[in-house]
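Read through the structure below, which is laid out as structure tokens, and then see the notes.
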Amino acid sequence: MSRPFVLTTPIYYVNGLPHIGHTYSTVVADTLARYHRLAGEDVYFQTGVDEHGEKVQAAADAAGETPQAYTDRISGQWQATWDALNLSHDRFFRTTEAESKAAVQVMAQRVWDAGQIEFREYEGLYCVGCERFLTDRDMEGGLCKDHEKAPEPRREANYFFKMSEHFSWLAETLEENPDFLQPTRYRNEVLAMIREGSGLEDLCISRPKERLSWGVPLPFDEDYVCYVWFDALVNYLTGCGWPNEPGWEERWRECTHLIGKDILKPHGIYWPTMLHAAGLPLPKGIRVHGHWQIEDRKVSKSLGNLIDPLVMKERYGFSPFRYFMLREMSFGLDSSFAEDAMIERTNAHLANALGNLFSRTLNMTARYSDATVPTPGPTGDEEARVRQAAADAATAVDKHLRAFETHLALEALFRLVDAANRYVDHREPWKAAKDPEREEEVRTTLYTCCQALRAIALLLAPFLPDAAVTMLERLGIPDALDTVVLPADGERWDALLPGTPTTKGDALFPRLELIEDA
Ligand code: MSP
């Protein structure tokens with residue numbers, strides 16, 4: 001049995017449509033899932049939508065639809081967007097599915113049976129944008145930091161999960177398992193939240209039906225529905241087959257949650273303590289990324305500064321946008337998005353560096369080797385250096401992607417592209433081809449470039465799957481991805497056989513120009 005690799009994205013609220021932030025999370029997960037599949041692992045990649053709660057009910061009211069009709073429509077649009085962007089998730093999870101609702105009820109009942117839920121009166125400041133009561137730390141000048149809106153004072157009798165009873169266990173667990181929550185700054189942030197108390201007491205896990213009917217009924221009190229976060233987090237377990245499917249534990253043990261830093265508290269505190277209270281094991285880990293900003297503000301629906309991935313695709317094709325997101329953001333830190341920066345990067349890295357290497361190699365192969373991979377003559381140090389660069393790239397991509405560092409993985413891959421370009425520049429096969437005595441040297445040079453391009457295409461496949469397929473087709477090995485095992489196959493230097501037919505064609509990455517908003 002191959003090793004399982006299980007990865008989840010957050011499930012997104014359906015009160016709006018995907019923007020750059022959601023797209024980034026899902027594209028990072030897609031890249032990881034594709035890499036681990038190419039590494040021969042048994043991958044399960046889940047994304048989906050969070051369909052209950054006040055925000056969604058309010059959006060449905062505003063649209064004049066029932067919540068179910070509204071969420072059917074919007075969830076369909078999310079699904080269609082991810083399909084249009086060729087994302088490779090194994091399951092699109094919806095919290096309105098019967099399976100999800102049943103699992104949430106099992107979880108609520110377990111925590112209730114464990115004596116971990118209490119009925120109490122509570123007064124606090126609630127932000128509908130965050131779907132939770134805020135603490136001082138969450139506010140600035142009386143406004144929610146994320147949504148820049150004043151929270152509403154609320155007083156209600158509700159069910160509370162005795163979360164604070166699990167804080168010392170959680171702090172210990174995080175201390176003892178430093179790899180569970182990464183990057184380290186976010187682990188420290190959660191430890192600080194626990195240490196300072198920061199108003200984090202017990203967690204209100206119910207909403208009275210008379211105020212909010214759009215949710216999963218609590219199994220032990222039909223006048224209440226489940227708080228949307230309590231409902232949503234369970235999706236991760238349900239996706240692994242919990243509670244009924246045999247073998248769910250094997251998946252769960254290998255499950256990593258990829259999240260944005262805005263939802264660190266629910267994932268770093270609510271979720272592990274809920275699992276602990278229910279007597280369930282923790283997943284393998286949590287990985288936290290930063291935020292895309294535009295003019296230094298977080299992109300969000302309520303602030304209205306959106307970048308629509310479908311518009312990016314229509315304007316420039318999806319690859320430049322995908323490349324920029326994976327390359328520009330240091331995993332864990334914030335980054336700024338600007339269309340002109342994306343175009344500049346794409347033109348430099350994809351059109352110039354990689355695109356040129358590809359087109360000049362294939363043009364010369366057509367011209368000097370009858371459009372087939374040539375038979376090489378003896379090789380020397382220069383060829384050995386390119387070959388070494390490919391081996392280094394394969395190792396580095398593997399290492400960095402396993403740490404979710406897509407930016408470092410791409411940097412390493414482009415060191416190989418640069419090494420191959422330097423090699424051709426130095427060998428100048430277009431000059432050597434004029435001298436019949438140097439015919440063998442030309443064959444060696446083009447053979448080396450073809451092998452390098454094969455390695456580049458294989459290693460590029462998780463990041464830019466469409467471009468990689470085109471490259472492999474034109475290198476005459478269209479099915480290479482079906483049998484490849486990375487990183488080992490990225491290092492092989494004899495897999496592209498002399499005589500394999502190659503095809504020159506249009507530019508792999510056309511140079512882009514900025515398209516202004518209409
Ligand atoms: N429904 C909850 C998550 C429940 S998971 C059990 C939710 N949904 S959301 O629609 O608001 O999506 C939040 C996620 O979108 C973030 O965690 C992050 O993954 C992504 N992003 C939203 N805005 C973002 C940026 N500006 N930049 C990067 N990603 C951010 O919260």
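Identifiers in this document derive from the order of the structure tokens: chains are assigned A, B, ..., residues are numbered from 1 separately in each chain, and ligands are numbered from 1 in order of occurrence.
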
task = List all protein, DNA and RNA residues that have at least one atom no more than 8 Å from any atom of ligand 1, counting only C-alpha atoms and all ligand atoms, and write them as number ranges by chain.
result = A: 9-16, 18-26, 49-51, 130, 229, 232-236, 258-264, 267, 289-293, 298-300, 334

request  = Please provide as a VMD selection string all residues within 8 Å of A:Phe318, with the sequence filter that same-chain residues fewer than 6 positions apart are discarded (counting only C-alpha atoms).
outcome  = chain A and resid 85 309 312

ask   = Smallest atom-to-atom distance to A:Leu203: which of A:Arg120, A:Lys145, A:Arg251, A:His36, using only C-alpha atoms?
value = A:Arg120

Counting only C-alpha atoms, which residues of stretch 61-80 of chain A fall within 10 Å of stretch 206-214 of chain A, and what is the closest atom pair for each with its distance in Å at one decimal, ordered by chain and rising number, as JSON lines?
{"residue": "A:Thr66", "atom": "CA", "partner": "A:Trp214", "partner_atom": "CA", "distance": 9.8}
{"residue": "A:Pro67", "atom": "CA", "partner": "A:Trp214", "partner_atom": "CA", "distance": 7.2}
{"residue": "A:Gln68", "atom": "CA", "partner": "A:Trp214", "partner_atom": "CA", "distance": 8.8}

Given the selection you just returned, output its residues as a file containing all heavy atoms, formatted as a short mmCIF file (atom, residue, chain, number, x, y, z; two decimals), in the first residue's frame.
data_model
loop_
_atom_site.label_atom_id
_atom_site.label_comp_id
_atom_site.auth_asym_id
_atom_site.auth_seq_id
_atom_site.Cartn_x
_atom_site.Cartn_y
_atom_site.Cartn_z
N THR A 66 -34.69 31.14 -0.69
CA THR A 66 -34.54 30.33 0.53
C THR A 66 -33.05 30.03 0.68
O THR A 66 -32.32 29.98 -0.33
CB THR A 66 -35.29 28.98 0.41
OG1 THR A 66 -34.69 28.23 -0.66
CG2 THR A 66 -36.77 29.17 0.15
N PRO A 67 -32.59 29.80 1.93
CA PRO A 67 -31.16 29.50 2.08
C PRO A 67 -30.74 28.29 1.25
O PRO A 67 -29.66 28.28 0.66
CB PRO A 67 -31.02 29.22 3.58
CG PRO A 67 -32.17 29.88 4.23
CD PRO A 67 -33.28 29.90 3.22
N GLN A 68 -31.59 27.28 1.17
CA GLN A 68 -31.20 26.08 0.42
C GLN A 68 -31.06 26.38 -1.08
O GLN A 68 -30.07 26.00 -1.71
CB GLN A 68 -32.22 24.95 0.65
CG GLN A 68 -31.78 23.61 0.06
CD GLN A 68 -30.53 23.03 0.76
OE1 GLN A 68 -30.51 22.86 1.97
NE2 GLN A 68 -29.47 22.76 -0.02
#

request  = Find the residue from A:Gln46, A:Gln116, A:Ser100, A:Asn158 that sits nearest to A:Tyr224; use only C-alpha atoms when measuring.
outcome  =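 Nearest candidate to A:Tyr224 out of A:Gln46, A:Gln116, A:Ser100, A:Asn158: A:Asn158.
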
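Distance annotation: of A:Ile456, A:Met139, A:Val288, A:Ala461, the residue with the minimal separation from A:Asp30 is A:Ala461; atom set is only C-alpha atoms.
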
request  = Return the single residue from A:Ala62, A:Met193, A:Ala495, A:Leu17 that is closest to A:Gly268, with distances computed using only C-alpha atoms.
outcome  = A:Met193

task = Just the residues within 12 Å of A:Lys504, please, counting only C-alpha atoms, with nothing from its chain fewer than 2 positions along; format it as a ChimeraX atom specification.
result = /A:355-356,358-367,370-372,470-476,501-502,506-508

message = I need the residues in stretch 243-336 of chain A that are alpha helix (DSSP H) according to DSSP; give them as a ChimeraX atom specification.
response = /A:248-253,264-265,271-277,309-316,318-328

request  = Excluding A:Gly239 and residues on its chain fewer than 2 positions from it, collect all residues at most 10 Å away from it, counting only C-alpha atoms, and give them as a list in words.
outcome  =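 Contacts, in chain order: Val6, Thr8, Tyr44, Phe45, Gln46, Thr47, Arg91, Phe92, Phe93, Glu99, Ser100, Val234, Asn235, Tyr236, Leu237, Gly241, Trp242, Pro243, Trp248, Arg251 and Trp252 of chain A.
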
inquiry  = Please report the interatomic distance between atom CA of A:Cys450 and atom CA of A:Arg511 in Å with one decimal.
reply    =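 Distance reported for this atom pair: 22.9 Å.
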
Of the listed residues A:Ala63, A:Val228, A:Cys255, A:Ala103, that which approaches A:Arg3 most closely, counting only C-alpha atoms =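 Nearest to A:Arg3: A:Cys255.
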
ask   = When distances are computed from only C-alpha atoms, which of A:Pro376, A:Gly215, A:Pro498, A:Pro153 shows the smallest separation from A:Val56?
value = A:Gly215

ask   = What does the distance between atom CA of A:Arg345 and atom CA of A:Leu310 come to in Å, to one decimal place?
value =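 Between atom CA of A:Arg345 and atom CA of A:Leu310 the gap is 19.7 Å.
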
query = For the atom pair atom CA of A:Trp112 and atom CA of A:Ile269, what is the interatomic distance in Å to one decimal place?
reply = 18.6 Å

task = Compile the contact shell of stretch 351-353 of chain A as a PyMOL selection string: residues with an atom at most 7 Å away, counting only C-alpha atoms, same-chain residues fewer than 3 positions apart removed.
result = chain A and resi 346-348+356-357+417-418+509-511

query = Which neighbours of A:His407 fall inside 6 Å, counting only C-alpha atoms, when residues of the same chain fewer than 6 positions from it are skipped, and could you give them as a list in words?
reply =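 Everything that qualifies: Leu326, Arg327 and Ser330 of chain A.
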
For the selection you just gave me, I'd like the residues written to a file as a PDB file, in the first residue's frame, keeping C-alpha atoms.
ATOM      1  CA  LEU A 326       2.852  30.269  -5.950  1.00  0.00           C
ATOM      2  CA  ARG A 327       6.076  32.147  -6.611  1.00  0.00           C
ATOM      3  CA  SER A 330       6.593  33.327   0.916  1.00  0.00           C
TER       4      SER A 330
END

ask   = A:Ile117: which residues within 8 Å, counting only C-alpha atoms, same-chain residues fewer than 3 positions away excluded, as a list of chain:residue names?
value =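 Close residues of A:Ile117: A:Val111, A:Trp112, A:Tyr159, A:Phe160, A:Phe161, A:Lys162.
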
task = Enumerate, as JSON, numbers by chain, the complete set of residues in stretch 281-377 of chain A that a backbone-based DSSP assignment places in strand (DSSP E or B).
result = {"A": [285, 286, 287, 288, 289, 292, 293, 294, 297, 298, 335, 336, 372]}
